$ cat target04.txt   # compact mmCIF, C-alpha atoms
# COMPACT_ATOMS: atom_id res chain seq x y z
CA MET B 270 62.85 2.59 -1.36
CA SER B 271 59.25 1.61 -2.10
CA ASP B 272 59.22 -0.55 1.08
CA TYR B 273 60.42 2.42 3.09
CA ILE B 274 57.65 4.67 1.71
CA GLU B 275 55.01 1.98 2.21
CA ASN B 276 56.07 1.39 5.82
CA ALA B 277 56.13 5.10 6.59
CA GLN B 278 52.70 5.52 5.06
CA ASN B 279 51.23 2.55 6.93
CA ASN B 280 52.67 3.78 10.23
CA LEU B 281 51.18 7.20 9.63
CA ALA B 282 47.78 5.71 8.81
CA LYS B 283 47.90 3.54 11.96
CA THR B 284 48.76 6.49 14.21
CA LEU B 285 46.01 8.63 12.74
CA GLN B 286 43.56 5.77 12.94
CA SER B 287 44.19 5.18 16.62
CA LEU B 288 43.97 8.92 17.31
CA LEU B 289 40.69 9.21 15.51
CA LYS B 290 39.22 5.79 16.24
CA GLU B 291 36.08 6.97 18.00
CA LYS B 292 35.60 9.97 15.74
CA GLU B 293 35.99 7.69 12.77
CA LEU B 294 33.32 5.35 14.11
CA PHE B 295 30.87 8.24 14.45
CA ALA B 296 31.78 9.44 10.98
CA LYS B 297 31.12 5.98 9.58
CA VAL B 298 27.80 5.66 11.39
CA VAL B 299 26.72 8.92 9.74
CA GLU B 300 28.17 7.87 6.39
CA PHE B 301 26.44 4.48 6.35
CA PHE B 302 23.21 5.65 7.97
CA PRO B 303 20.55 4.13 5.70
CA TYR B 304 18.51 7.32 5.48
CA PRO B 305 19.71 10.63 4.03
CA ILE B 306 21.25 13.03 6.55
CA GLN B 307 22.07 16.62 5.70
CA ILE B 308 23.81 19.14 7.95
CA PHE B 309 23.16 22.84 7.47
CA SER B 310 24.76 26.06 8.68
CA LEU B 311 22.43 28.45 10.46
CA ASP B 312 21.88 30.39 7.23
CA GLY B 313 20.49 27.20 5.67
CA THR B 314 23.52 26.32 3.52
CA ALA B 315 24.26 22.60 3.19
CA ARG B 316 27.47 21.78 4.98
CA MET B 317 27.61 18.00 4.82
CA ILE B 318 25.62 15.08 3.37
CA ASN B 319 25.93 11.34 3.79
CA ARG B 320 26.06 8.53 1.26
CA ALA B 321 22.29 7.85 1.42
CA ALA B 322 21.61 11.49 0.52
CA LEU B 323 23.57 11.03 -2.68
CA GLU B 324 21.99 7.69 -3.54
CA MET B 325 18.41 8.15 -2.39
CA ILE B 326 17.80 11.82 -3.15
CA GLY B 327 19.83 11.58 -6.33
CA ILE B 328 22.28 14.40 -5.56
CA ARG B 329 24.92 14.18 -8.25
CA SER B 330 27.99 14.83 -6.09
CA MET B 331 29.08 16.28 -2.78
CA GLU B 332 30.55 19.26 -4.64
CA SER B 333 27.34 20.01 -6.51
CA HIS B 334 25.40 20.29 -3.25
CA VAL B 335 27.56 21.22 -0.25
CA GLY B 336 28.02 24.98 0.04
CA LYS B 337 25.51 25.56 -2.76
CA TYR B 338 22.12 24.23 -1.71
CA ASN B 339 20.24 26.39 0.80
CA ALA B 340 17.29 24.86 2.67
CA PHE B 341 15.81 28.29 3.42
CA GLU B 342 15.72 29.15 -0.27
CA ASP B 343 14.31 25.81 -1.39
CA PRO B 344 11.22 26.51 -3.56
CA ILE B 345 9.86 22.98 -2.93
CA VAL B 346 9.95 23.43 0.87
CA GLN B 347 8.34 26.82 0.34
CA HIS B 348 5.70 25.48 -2.05
CA LEU B 349 4.77 22.57 0.23
CA GLY B 350 4.29 25.06 3.09
CA PHE B 351 6.96 23.66 5.42
CA MET B 352 9.34 26.63 5.55
CA ASP B 353 8.08 28.16 8.82
CA GLN B 354 8.26 24.79 10.53
CA VAL B 355 11.81 24.17 9.25
CA LYS B 356 12.97 27.56 10.54
CA GLN B 357 11.75 26.69 14.04
CA VAL B 358 14.83 24.49 14.36
CA LEU B 359 16.82 27.72 14.78
CA THR B 360 15.00 28.31 18.08
CA GLY B 361 16.41 25.04 19.41
CA LYS B 362 13.35 22.89 18.76
CA THR B 363 13.35 19.49 17.10
CA VAL B 364 10.95 19.71 14.18
CA TYR B 365 9.06 16.76 12.73
CA LEU B 366 7.74 17.20 9.19
CA THR B 367 5.39 14.42 8.13
CA ASP B 368 4.41 13.52 4.57
CA PHE B 369 6.90 15.73 2.81
CA ASN B 370 6.02 14.76 -0.77
CA ALA B 371 8.59 16.30 -3.07
CA PRO B 372 7.77 16.13 -6.81
CA TYR B 373 10.92 14.75 -8.42
CA ARG B 374 10.39 16.78 -11.60
CA ASP B 375 10.74 19.93 -9.48
CA MET B 376 13.86 18.56 -7.84
CA ILE B 377 15.40 18.02 -11.28
CA ARG B 378 14.32 21.50 -12.33
CA TYR B 379 15.65 23.35 -9.31
CA PHE B 380 18.56 21.24 -8.12
CA ASN B 381 19.86 19.29 -11.09
CA VAL B 382 19.53 15.96 -9.28
CA VAL B 383 20.02 12.74 -11.26
CA ASP B 384 17.24 12.34 -13.85
CA ARG B 385 15.54 9.10 -12.82
CA ASP B 386 12.10 7.59 -13.41
CA ILE B 387 10.73 8.87 -10.12
CA GLN B 388 7.55 10.84 -9.70
CA THR B 389 7.53 11.78 -6.02
CA ILE B 390 9.73 11.18 -3.01
CA SER B 391 7.65 10.86 0.12
CA SER B 392 9.42 11.15 3.46
CA ASP B 393 9.08 12.22 7.06
CA ILE B 394 11.81 14.71 7.91
CA THR B 395 13.21 15.27 11.39
CA CYS B 396 15.21 18.48 11.82
CA PHE B 397 17.20 18.94 15.01
CA PRO B 398 19.71 21.51 16.23
CA LEU B 399 23.38 20.70 16.84
CA VAL B 400 24.71 22.62 19.82
CA ASN B 401 28.29 23.21 20.97
CA ALA B 402 29.73 22.94 24.49
CA GLU B 403 28.35 26.40 25.31
CA GLU B 404 24.88 25.14 24.33
CA GLU B 405 24.82 27.48 21.35
CA ILE B 406 23.26 26.19 18.13
CA GLU B 407 26.05 25.81 15.57
CA TYR B 408 24.33 23.79 12.86
CA PHE B 409 21.17 21.86 12.30
CA ALA B 410 20.63 18.40 10.90
CA ALA B 411 17.82 16.98 8.78
CA VAL B 412 17.17 13.24 8.61
CA PHE B 413 14.91 12.02 5.82
CA ILE B 414 12.99 8.90 6.78
CA PHE B 415 11.97 7.71 3.33
CA LYS B 416 8.47 6.29 3.22
CA LYS B 417 8.01 5.74 -0.45
CA ILE B 418 9.50 6.58 -3.80
CA TYR B 419 6.77 6.83 -6.39
CA ARG B 420 8.50 5.59 -9.49
CA GLY B 421 5.42 5.97 -11.64
CA LYS B 422 5.41 2.97 -13.93
CA GLU B 423 4.85 0.44 -11.18
CA GLU B 424 1.93 2.36 -9.66
CA ILE B 425 0.36 2.79 -13.08
CA THR B 426 0.62 -0.95 -13.71
CA TRP B 427 -1.31 -1.55 -10.47
CA GLY B 428 -3.94 0.97 -11.58
CA LYS B 429 -4.26 -0.64 -15.02
CA GLN B 430 -4.58 -4.06 -13.46
CA TYR B 431 -7.35 -2.81 -11.20
CA ILE B 432 -9.22 -1.47 -14.23
CA LYS B 433 -8.78 -4.79 -16.06
CA ASP B 434 -10.07 -6.71 -13.04
CA HIS B 435 -13.08 -4.42 -12.57
CA TRP B 436 -13.97 -3.38 -16.14
CA ARG B 437 -17.54 -4.69 -15.87
CA GLU B 438 -18.21 -2.44 -12.86
CA PRO B 439 -18.84 1.31 -13.10
CA PHE B 440 -15.60 3.31 -13.16
CA ASP B 441 -14.40 4.17 -9.64
CA LEU B 442 -11.51 6.64 -9.68
CA ALA B 443 -11.01 6.59 -5.90
CA ALA B 444 -10.73 2.79 -5.79
CA THR B 445 -8.40 2.70 -8.83
CA ALA B 446 -6.13 5.38 -7.36
CA LYS B 447 -6.14 3.51 -4.06
CA ALA B 448 -5.07 0.31 -5.84
CA ALA B 449 -2.14 2.32 -7.23
CA CYS B 450 -1.32 3.67 -3.73
CA LEU B 451 -1.68 7.25 -4.97
CA SER B 452 -4.01 10.15 -4.33
CA LYS B 453 -6.65 10.74 -7.03
CA ALA B 454 -4.89 13.87 -8.31
CA GLN B 455 -1.45 12.21 -8.35
CA PHE B 456 -2.88 9.14 -10.06
CA ILE B 457 -4.59 11.07 -12.89
CA LYS B 458 -1.45 13.14 -13.52
CA LEU B 459 0.86 10.15 -13.49
CA PHE B 460 -1.50 7.96 -15.54
CA LYS B 461 -1.78 10.54 -18.29
CA LYS B 462 1.99 11.00 -18.31
CA HIS B 463 2.68 7.29 -18.75
CA THR B 464 -0.24 6.22 -20.99
CA GLY B 465 -1.28 9.40 -22.80
CA VAL B 466 -4.91 8.99 -21.69
CA THR B 467 -6.80 9.62 -18.46
CA PRO B 468 -7.74 6.61 -16.27
CA HIS B 469 -11.38 7.03 -17.34
CA GLU B 470 -10.46 7.01 -21.04
CA TYR B 471 -8.35 3.91 -20.44
CA TYR B 472 -11.30 2.26 -18.70
CA ILE B 473 -13.63 3.12 -21.60
CA ASN B 474 -11.11 1.90 -24.18
CA TYR B 475 -10.63 -1.35 -22.29
CA LYS B 476 -14.37 -1.84 -21.98
CA ILE B 477 -14.85 -1.21 -25.72
CA SER B 478 -12.07 -3.71 -26.53
CA LYS B 479 -13.90 -6.31 -24.43
CA LEU B 480 -17.19 -5.42 -26.12
CA LYS B 481 -15.56 -5.92 -29.51
CA GLU B 482 -14.51 -9.43 -28.44
CA ILE B 483 -18.03 -10.26 -27.23
CA LEU B 484 -19.64 -8.86 -30.37
CA LEU B 485 -17.89 -11.64 -32.30
CA ASP B 486 -20.21 -14.12 -30.59
CA THR B 487 -23.12 -14.13 -33.02
CA ASN B 488 -25.30 -16.11 -30.61
CA LEU B 489 -25.77 -12.84 -28.78
CA SER B 490 -27.77 -9.90 -30.05
CA ILE B 491 -26.04 -6.51 -30.09
CA ALA B 492 -28.01 -5.48 -26.98
CA GLN B 493 -27.03 -8.73 -25.23
CA ALA B 494 -23.37 -8.16 -26.07
CA PHE B 495 -23.61 -4.68 -24.55
CA ALA B 496 -25.41 -6.12 -21.53
CA ALA B 497 -22.64 -8.74 -21.11
CA CYS B 498 -20.27 -5.80 -20.67
CA ASN B 499 -22.68 -4.15 -18.26
CA ILE B 500 -23.41 -1.35 -20.74
CA ASP B 501 -26.91 -0.20 -21.56
CA TYR B 502 -27.46 -0.39 -25.31
CA ASN B 503 -28.76 3.06 -26.10
CA GLY B 504 -28.06 5.99 -28.37
CA TYR B 505 -25.23 7.26 -26.20
CA SER B 506 -23.39 3.95 -25.92
CA ALA B 507 -23.86 3.17 -29.63
CA LYS B 508 -22.49 6.62 -30.48
CA LEU B 509 -19.53 6.11 -28.15
CA PHE B 510 -18.77 2.77 -29.83
CA LYS B 511 -18.84 4.41 -33.24
CA LYS B 512 -16.58 7.21 -32.02
CA LYS B 513 -14.00 4.78 -30.65
CA VAL B 514 -14.15 2.03 -33.31
CA GLY B 515 -15.14 4.04 -36.37
CA VAL B 516 -18.20 1.96 -37.24
CA THR B 517 -21.49 1.04 -35.52
CA PRO B 518 -21.63 -2.20 -33.49
CA SER B 519 -23.67 -4.03 -36.15
CA GLU B 520 -21.35 -2.79 -38.91
CA TYR B 521 -18.39 -3.98 -36.82
CA ARG B 522 -19.91 -7.44 -36.44
CA LYS B 523 -20.68 -7.59 -40.16
CA ARG B 524 -17.16 -6.55 -41.11
CA CYS B 525 -15.61 -9.09 -38.80
CA GLN B 526 -17.75 -11.85 -40.24
CA CYS B 527 -16.64 -10.86 -43.74
CA GLY B 528 -13.03 -10.60 -42.60
CA ILE B 529 -12.78 -6.89 -43.26
CA SER B 530 -10.38 -5.23 -40.86
CA THR B 531 -11.70 -2.22 -38.98
CA MET O 23 78.40 2.48 -18.76
CA GLY O 24 76.99 0.72 -21.84
CA ALA O 25 73.86 1.68 -23.73
CA ARG O 26 71.93 -1.26 -22.31
CA SER O 27 72.68 -0.42 -18.66
CA LYS O 28 71.65 3.20 -19.30
CA GLU O 29 68.34 1.95 -20.60
CA LYS O 30 67.98 -0.35 -17.62
CA LEU O 31 68.68 2.53 -15.25
CA LEU O 32 66.08 4.66 -17.00
CA GLU O 33 63.58 1.81 -16.73
CA GLU O 34 64.26 1.46 -13.01
CA MET O 35 63.89 5.20 -12.49
CA ALA O 36 60.56 5.14 -14.33
CA GLY O 37 59.50 2.23 -12.12
CA VAL O 38 60.36 4.11 -8.95
CA GLN O 39 58.55 7.17 -10.26
CA ARG O 40 55.46 5.08 -10.92
CA ILE O 41 55.53 3.70 -7.36
CA LEU O 42 55.97 7.21 -5.99
CA GLU O 43 53.05 8.51 -8.03
CA GLU O 44 50.81 5.68 -6.81
CA ARG O 45 51.88 6.33 -3.21
CA ILE O 46 51.27 10.06 -3.58
CA GLN O 47 47.78 9.29 -4.80
CA VAL O 48 47.09 7.02 -1.80
CA GLN O 49 48.57 9.66 0.51
CA GLY O 50 46.40 12.31 -1.12
CA GLU O 51 43.25 10.25 -0.53
CA MET O 52 44.34 9.66 3.07
CA VAL O 53 44.96 13.35 3.67
CA LYS O 54 41.59 14.17 2.13
CA ASP O 55 39.78 11.66 4.37
CA TYR O 56 41.47 12.81 7.54
CA LYS O 57 41.01 16.46 6.62
CA LEU O 58 37.28 15.83 6.28
CA LEU O 59 37.27 13.94 9.54
CA LEU O 60 39.20 16.63 11.41
CA THR O 61 37.09 19.45 9.97
CA ASN O 62 33.91 17.72 11.02
CA GLU O 63 35.21 15.86 14.06
CA GLY O 64 32.80 17.44 16.50
CA LEU O 65 29.95 17.34 14.06
CA PHE O 66 29.74 13.58 13.63
CA SER O 67 29.58 12.88 17.36
CA GLN O 68 27.02 15.68 17.77
CA ILE O 69 24.79 14.20 15.07
CA ILE O 70 24.76 10.83 16.84
CA ASP O 71 24.50 12.23 20.35
CA LEU O 72 21.77 14.76 19.62
CA PHE O 73 19.79 12.55 17.27
CA PRO O 74 16.23 12.69 18.62
CA TYR O 75 15.76 8.91 18.42
CA PRO O 76 17.64 6.32 20.52
CA ILE O 77 20.79 4.97 18.85
CA ALA O 78 23.05 2.16 20.13
CA ILE O 79 26.27 1.04 18.45
CA PHE O 80 27.29 -2.54 19.22
CA THR O 81 30.05 -5.01 18.37
CA PRO O 82 29.72 -8.58 17.02
CA GLN O 83 30.00 -9.70 20.65
CA TYR O 84 26.83 -7.64 21.38
CA THR O 85 28.68 -5.14 23.55
CA VAL O 86 27.15 -1.69 23.36
CA VAL O 87 30.14 0.59 22.78
CA THR O 88 28.25 3.86 22.36
CA ALA O 89 24.72 5.07 22.87
CA ASN O 90 23.29 8.53 22.35
CA LYS O 91 21.45 10.81 24.77
CA ALA O 92 17.99 9.71 23.58
CA PHE O 93 18.95 6.08 24.16
CA VAL O 94 20.27 6.78 27.66
CA ALA O 95 17.13 8.74 28.52
CA GLU O 96 14.81 6.00 27.22
CA THR O 97 16.65 3.15 28.95
CA LYS O 98 16.78 5.11 32.22
CA GLU O 99 13.06 5.62 31.95
CA LEU O 100 12.41 1.93 31.38
CA ALA O 101 15.09 0.41 33.63
CA GLU O 102 14.46 -1.11 37.03
CA SER O 103 17.77 0.36 38.27
CA PRO O 104 18.18 3.58 36.27
CA GLU O 105 21.69 4.28 37.60
CA LYS O 106 23.10 1.21 35.81
CA GLU O 107 24.41 1.90 32.33
CA VAL O 108 23.34 -0.34 29.45
CA ASP O 109 26.48 -2.03 28.15
CA CYS O 110 25.31 -5.02 26.14
CA ILE O 111 22.51 -6.75 24.25
CA LEU O 112 21.14 -9.93 25.80
CA LYS O 113 20.25 -11.92 22.71
CA TYR O 114 18.40 -14.64 24.59
CA ARG O 115 15.90 -12.04 25.77
CA ILE O 116 14.78 -11.12 22.27
CA ASP O 117 11.41 -12.74 21.57
CA ASP O 118 10.83 -10.99 18.26
CA THR O 119 12.31 -13.25 15.57
CA GLN O 120 12.87 -10.42 13.06
CA LEU O 121 14.74 -8.36 15.65
CA ALA O 122 16.81 -11.38 16.76
CA SER O 123 17.69 -12.13 13.16
CA ALA O 124 18.58 -8.48 12.42
CA ILE O 125 20.92 -8.21 15.42
CA THR O 126 22.85 -11.25 14.16
CA ARG O 127 22.65 -10.84 10.41
CA VAL O 128 23.67 -7.20 10.46
CA PHE O 129 27.24 -8.51 10.70
CA SER O 130 26.78 -10.17 7.31
CA GLY O 131 26.30 -6.69 5.88
CA ASP O 132 22.50 -6.51 5.68
CA THR O 133 20.28 -3.58 6.70
CA PHE O 134 16.93 -4.27 8.36
CA TYR O 135 13.84 -2.09 8.60
CA LEU O 136 11.68 -3.47 11.40
CA GLU O 137 8.13 -2.56 12.29
CA GLY O 138 5.56 -3.57 14.88
CA LEU O 139 8.14 -4.25 17.58
CA GLU O 140 6.91 -4.88 21.10
CA ASN O 141 9.27 -4.29 23.98
CA PRO O 142 12.40 -3.85 21.83
CA PHE O 143 14.29 -2.36 24.78
CA SER O 144 13.85 -5.51 26.85
CA MET O 145 16.87 -6.94 25.02
CA PHE O 146 19.01 -4.67 27.20
CA PRO O 147 19.88 -5.70 30.77
CA GLY O 148 17.72 -4.33 33.56
CA ILE O 149 14.73 -3.59 31.33
CA ALA O 150 11.70 -5.78 31.91
CA LYS O 151 9.07 -6.68 29.35
CA ARG O 152 5.82 -4.75 29.59
CA SER O 153 2.34 -5.52 28.41
CA ALA O 154 1.76 -4.98 24.69
CA SER O 155 -0.26 -1.82 25.34
CA ALA O 156 2.50 -0.35 27.52
CA SER O 157 5.46 -1.69 25.56
CA GLY O 158 6.64 1.78 24.68
CA TYR O 159 6.74 4.59 22.20
CA TYR O 160 9.31 3.02 19.88
CA SER O 161 7.87 0.24 17.73
CA ARG O 162 10.09 0.60 14.67
CA ALA O 163 13.83 0.16 14.28
CA VAL O 164 16.48 0.20 11.60
CA VAL O 165 19.54 -1.99 12.08
CA PHE O 166 22.50 -1.35 9.79
CA PRO O 167 26.15 -2.39 9.51
CA VAL O 168 29.22 -0.19 9.77
CA PRO O 169 32.17 -1.58 7.81
CA ALA O 170 35.85 -0.91 8.42
CA ASP O 171 38.16 0.14 5.60
CA ASP O 172 38.71 -3.52 4.69
CA ASP O 173 34.91 -3.98 4.42
CA GLU O 174 34.78 -6.18 7.51
CA ILE O 175 31.70 -5.29 9.58
CA THR O 176 33.04 -4.10 12.89
CA HIS O 177 29.88 -2.59 14.36
CA GLY O 178 26.13 -2.80 14.11
CA VAL O 179 23.87 0.17 14.75
CA ILE O 180 20.27 0.10 15.94
CA VAL O 181 18.11 3.20 15.68
CA PHE O 182 14.71 3.06 17.38
CA MET O 183 11.88 5.07 15.84
CA PRO O 184 8.33 5.82 16.90

$ encode --input "target04.txt" --output "structure tokens"
Amino acid sequence: MSDYIENAQNNLAKTLQSLLKEKELFAKVVEFFPYPIQIFSLDGTARMINRAALEMIGIRSMESHVGKYNAFEDPIVQHLGFMDQVKQVLTGKTVYLTDFNAPYRDMIRYFNVVDRDIQTISSDITCFPLVNAEEEIEYFAAVFIFKKIYRGKEEITWGKQYIKDHWREPFDLAATAKAACLSKAQFIKLFKKHTGVTPHEYYINYKISKLKEILLDTNLSIAQAFAACNIDYNGYSAKLFKKKVGVTPSEYRKRCQCGIST
Amino acid sequence: MGARSKEKLLEEMAGVQRILEERIQVQGEMVKDYKLLLTNEGLFSQIIDLFPYPIAIFTPQYTVVTANKAFVAETKELAESPEKEVDCILKYRIDDTQLASAITRVFSGDTFYLEGLENPFSMFPGIAKRSASASGYYSRAVVFPVPADDDEITHGVIVFMP
């Protein structure tokens, strides 16, 4: 009996497969397309998404998105100022949106996507109309060409490394942010989130830690130790040291020599 | 009928029921897949055909089985004899090593993101190489595999991007 059922089932699958061979190929191309593809009804409701949309955007399931998400009501699209451009697709135009930088925190907040360590998803989006045989627009598609996923930690590590490599030089926020491949505003926000301090505070702390190391060299005067760190030894810098370390530079040196922990 | 044979019969019936349940589950999955396919049958081909960038779908023998409108338009524009349809990839004409490798290795299941391509369309018959400055609008491409149900890669897809 089981053989009979299996044969019947296999025959049915074969017949359907041959009937739908070409359609199935197209379906698979869409399914395995390496960039997210979403299809929308003309009212903006999501009608279909591919595998990459689930994996790369972080949509939890087909059911949580299809029929529920509406592109025309998306607060992120609205906030980033792309809504008017997106709606032009309804006039039959292909629309190219460049540098669509969606903050992932907002995506979690509004759309309940998978909570991952991602800061921003940066993509170029191409929206194009899908027309029927009568040349009427039935749906529209959006393809997300992912440029970069800012995961946060990695970029911050690059920024920290830049500070460590250039601690003797004056602090340069633009160059540090560039080393982290982020804009200045994004970098400050992300840095504070991951380290608890601003990039400038981190730079100062790192510089002070280096100064503390150099102060242990008693062949150098206090002013020389400061100069070795490219810091002018003056009232301001001495005060800053005391604020960060808790004691003056000379007191610090003295304590270290006596083995008193600071 | 003894007690033992009754038990055996019950065991056999349970076995058959288990097989039926498994088959129903497979059938259910099949119905679901085909339902999705039938519901969206026009949609999938429209997505490929109306995609604004050129797409070509090819077999392991480098036969182009399907190409979309943007691909046809671009190859017509570049071809010496525009009336001739592009039906294959001529591997020996690919100078770019990353593109040559992608076209082959896609059938091992890998996806390739290529940039800085010059004359990528010259791998199709009837399209001559141009100078670097006039090599065309499309200098990027993504090449990805399409597996069959048994995971064997039956087709490769190349999408050209500006």

$ atom_distance --input "target04.txt" --atom1 "atom CA of His334 of chain B" --atom2 "atom CA of Ala296 of chain B"
19.0 Å

$ closest_residue --input "target04.txt" --among "B:Glu332, B:Glu438, B:Asp343, B:Glu300" --to "Arg320 of chain B" --atoms "all atoms listed in the file"
B:Glu300

$ atom_distance --input "target04.txt" --atom1 "atom CA of Gln388 of chain B" --atom2 "atom CA of Leu459 of chain B"
7.7 Å

$ closest_atom_pairs --input "target04.txt" --of "chain O" --to "chain B" --cutoff "10 Å" --atoms "only C-alpha atoms" --output "CSV"
residue,atom,partner,partner_atom,distance
O:Val38,CA,B:Ser271,CA,7.4
O:Gln39,CA,B:Ser271,CA,9.9
O:Ile41,CA,B:Ser271,CA,6.8
O:Leu42,CA,B:Ser271,CA,7.6
O:Arg45,CA,B:Glu275,CA,7.6
O:Ile46,CA,B:Gln278,CA,9.9
O:Val48,CA,B:Gln278,CA,9.0
O:Gln49,CA,B:Gln278,CA,7.4
O:Met52,CA,B:Ala282,CA,7.8
O:Val53,CA,B:Ala282,CA,9.6
O:Tyr56,CA,B:Leu285,CA,8.1
O:Leu58,CA,B:Ala296,CA,9.7
O:Leu59,CA,B:Glu293,CA,7.2
O:Leu60,CA,B:Leu289,CA,8.6
O:Asn62,CA,B:Ala296,CA,8.5
O:Glu63,CA,B:Lys292,CA,6.1
O:Gly64,CA,B:Lys292,CA,8.0
O:Leu65,CA,B:Leu399,CA,7.9
O:Phe66,CA,B:Ala296,CA,5.3
O:Ser67,CA,B:Phe295,CA,5.6
O:Gln68,CA,B:Leu399,CA,6.3
O:Ile69,CA,B:Leu399,CA,6.9
O:Ile70,CA,B:Phe295,CA,7.1
O:Asp71,CA,B:Leu399,CA,9.2
O:Leu72,CA,B:Leu399,CA,6.8
O:Phe73,CA,B:Phe397,CA,7.3
O:Pro74,CA,B:Phe397,CA,7.3
O:Tyr75,CA,B:Thr395,CA,9.8
O:Ile79,CA,B:Val298,CA,8.6
O:Val87,CA,B:Glu291,CA,9.9
O:Thr88,CA,B:Phe295,CA,9.4
O:Thr133,CA,B:Pro303,CA,7.8
O:Phe134,CA,B:Pro303,CA,9.5
O:Tyr135,CA,B:Pro303,CA,9.6
O:Val164,CA,B:Pro303,CA,8.2
O:Val165,CA,B:Pro303,CA,8.9
O:Phe166,CA,B:Pro303,CA,7.1
O:Pro167,CA,B:Phe301,CA,7.6
O:Val168,CA,B:Val298,CA,6.2
O:Pro169,CA,B:Lys297,CA,7.8
O:Ala170,CA,B:Lys297,CA,8.4
O:Asp171,CA,B:Lys297,CA,10.0
O:Thr176,CA,B:Leu294,CA,9.5
O:His177,CA,B:Leu294,CA,8.7
O:Gly178,CA,B:Val298,CA,9.0
O:Val179,CA,B:Val298,CA,7.5
O:Val181,CA,B:Phe302,CA,9.6
O:Met183,CA,B:Ile414,CA,9.9

$ write_last_selection --input "target04.txt" --atoms "C-alpha atoms" --output "PDB file, keeping the file's coordinate frame"
ATOM      1  CA  VAL O  38      60.360   4.110  -8.950  1.00  0.00           C
ATOM      2  CA  GLN O  39      58.550   7.170 -10.260  1.00  0.00           C
ATOM      3  CA  ILE O  41      55.530   3.700  -7.360  1.00  0.00           C
ATOM      4  CA  LEU O  42      55.970   7.210  -5.990  1.00  0.00           C
ATOM      5  CA  ARG O  45      51.880   6.330  -3.210  1.00  0.00           C
ATOM      6  CA  ILE O  46      51.270  10.060  -3.580  1.00  0.00           C
ATOM      7  CA  VAL O  48      47.090   7.020  -1.800  1.00  0.00           C
ATOM      8  CA  GLN O  49      48.570   9.660   0.510  1.00  0.00           C
ATOM      9  CA  MET O  52      44.340   9.660   3.070  1.00  0.00           C
ATOM     10  CA  VAL O  53      44.960  13.350   3.670  1.00  0.00           C
ATOM     11  CA  TYR O  56      41.470  12.810   7.540  1.00  0.00           C
ATOM     12  CA  LEU O  58      37.280  15.830   6.280  1.00  0.00           C
ATOM     13  CA  LEU O  59      37.270  13.940   9.540  1.00  0.00           C
ATOM     14  CA  LEU O  60      39.200  16.630  11.410  1.00  0.00           C
ATOM     15  CA  ASN O  62      33.910  17.720  11.020  1.00  0.00           C
ATOM     16  CA  GLU O  63      35.210  15.860  14.060  1.00  0.00           C
ATOM     17  CA  GLY O  64      32.800  17.440  16.500  1.00  0.00           C
ATOM     18  CA  LEU O  65      29.950  17.340  14.060  1.00  0.00           C
ATOM     19  CA  PHE O  66      29.740  13.580  13.630  1.00  0.00           C
ATOM     20  CA  SER O  67      29.580  12.880  17.360  1.00  0.00           C
ATOM     21  CA  GLN O  68      27.020  15.680  17.770  1.00  0.00           C
ATOM     22  CA  ILE O  69      24.790  14.200  15.070  1.00  0.00           C
ATOM     23  CA  ILE O  70      24.760  10.830  16.840  1.00  0.00           C
ATOM     24  CA  ASP O  71      24.500  12.230  20.350  1.00  0.00           C
ATOM     25  CA  LEU O  72      21.770  14.760  19.620  1.00  0.00           C
ATOM     26  CA  PHE O  73      19.790  12.550  17.270  1.00  0.00           C
ATOM     27  CA  PRO O  74      16.230  12.690  18.620  1.00  0.00           C
ATOM     28  CA  TYR O  75      15.760   8.910  18.420  1.00  0.00           C
ATOM     29  CA  ILE O  79      26.270   1.040  18.450  1.00  0.00           C
ATOM     30  CA  VAL O  87      30.140   0.590  22.780  1.00  0.00           C
ATOM     31  CA  THR O  88      28.250   3.860  22.360  1.00  0.00           C
ATOM     32  CA  THR O 133      20.280  -3.580   6.700  1.00  0.00           C
ATOM     33  CA  PHE O 134      16.930  -4.270   8.360  1.00  0.00           C
ATOM     34  CA  TYR O 135      13.840  -2.090   8.600  1.00  0.00           C
ATOM     35  CA  VAL O 164      16.480   0.200  11.600  1.00  0.00           C
ATOM     36  CA  VAL O 165      19.540  -1.990  12.080  1.00  0.00           C
ATOM     37  CA  PHE O 166      22.500  -1.350   9.790  1.00  0.00           C
ATOM     38  CA  PRO O 167      26.150  -2.390   9.510  1.00  0.00           C
ATOM     39  CA  VAL O 168      29.220  -0.190   9.770  1.00  0.00           C
ATOM     40  CA  PRO O 169      32.170  -1.580   7.810  1.00  0.00           C
ATOM     41  CA  ALA O 170      35.850  -0.910   8.420  1.00  0.00           C
ATOM     42  CA  ASP O 171      38.160   0.140   5.600  1.00  0.00           C
ATOM     43  CA  THR O 176      33.040  -4.100  12.890  1.00  0.00           C
ATOM     44  CA  HIS O 177      29.880  -2.590  14.360  1.00  0.00           C
ATOM     45  CA  GLY O 178      26.130  -2.800  14.110  1.00  0.00           C
ATOM     46  CA  VAL O 179      23.870   0.170  14.750  1.00  0.00           C
ATOM     47  CA  VAL O 181      18.110   3.200  15.680  1.00  0.00           C
ATOM     48  CA  MET O 183      11.880   5.070  15.840  1.00  0.00           C
TER      49      MET O 183
END

$ residues_around --input "target04.txt" --residues "Tyr431 of chain B" --least-positions-apart "3" --cutoff "7 Å" --atoms "only C-alpha atoms" --output "VMD selection string"
chain B and resid 427 to 428 434 to 435 445 448

$ axis_aligned_box --input "target04.txt" --around "segment 137-142 of chain O" --padding-each-side "5 Å" --output "JSON"
{"center_x": 9.0, "center_y": -3.7, "center_z": 18.1, "size_x": 16.8, "size_y": 12.3, "size_z": 21.7}

$ residues_around --input "target04.txt" --residues "Tyr521 of chain B" --least-positions-apart "6" --cutoff "9 Å" --atoms "all atoms listed in the file" --output "ChimeraX atom specification"
/B:481,484-485,514-515,531
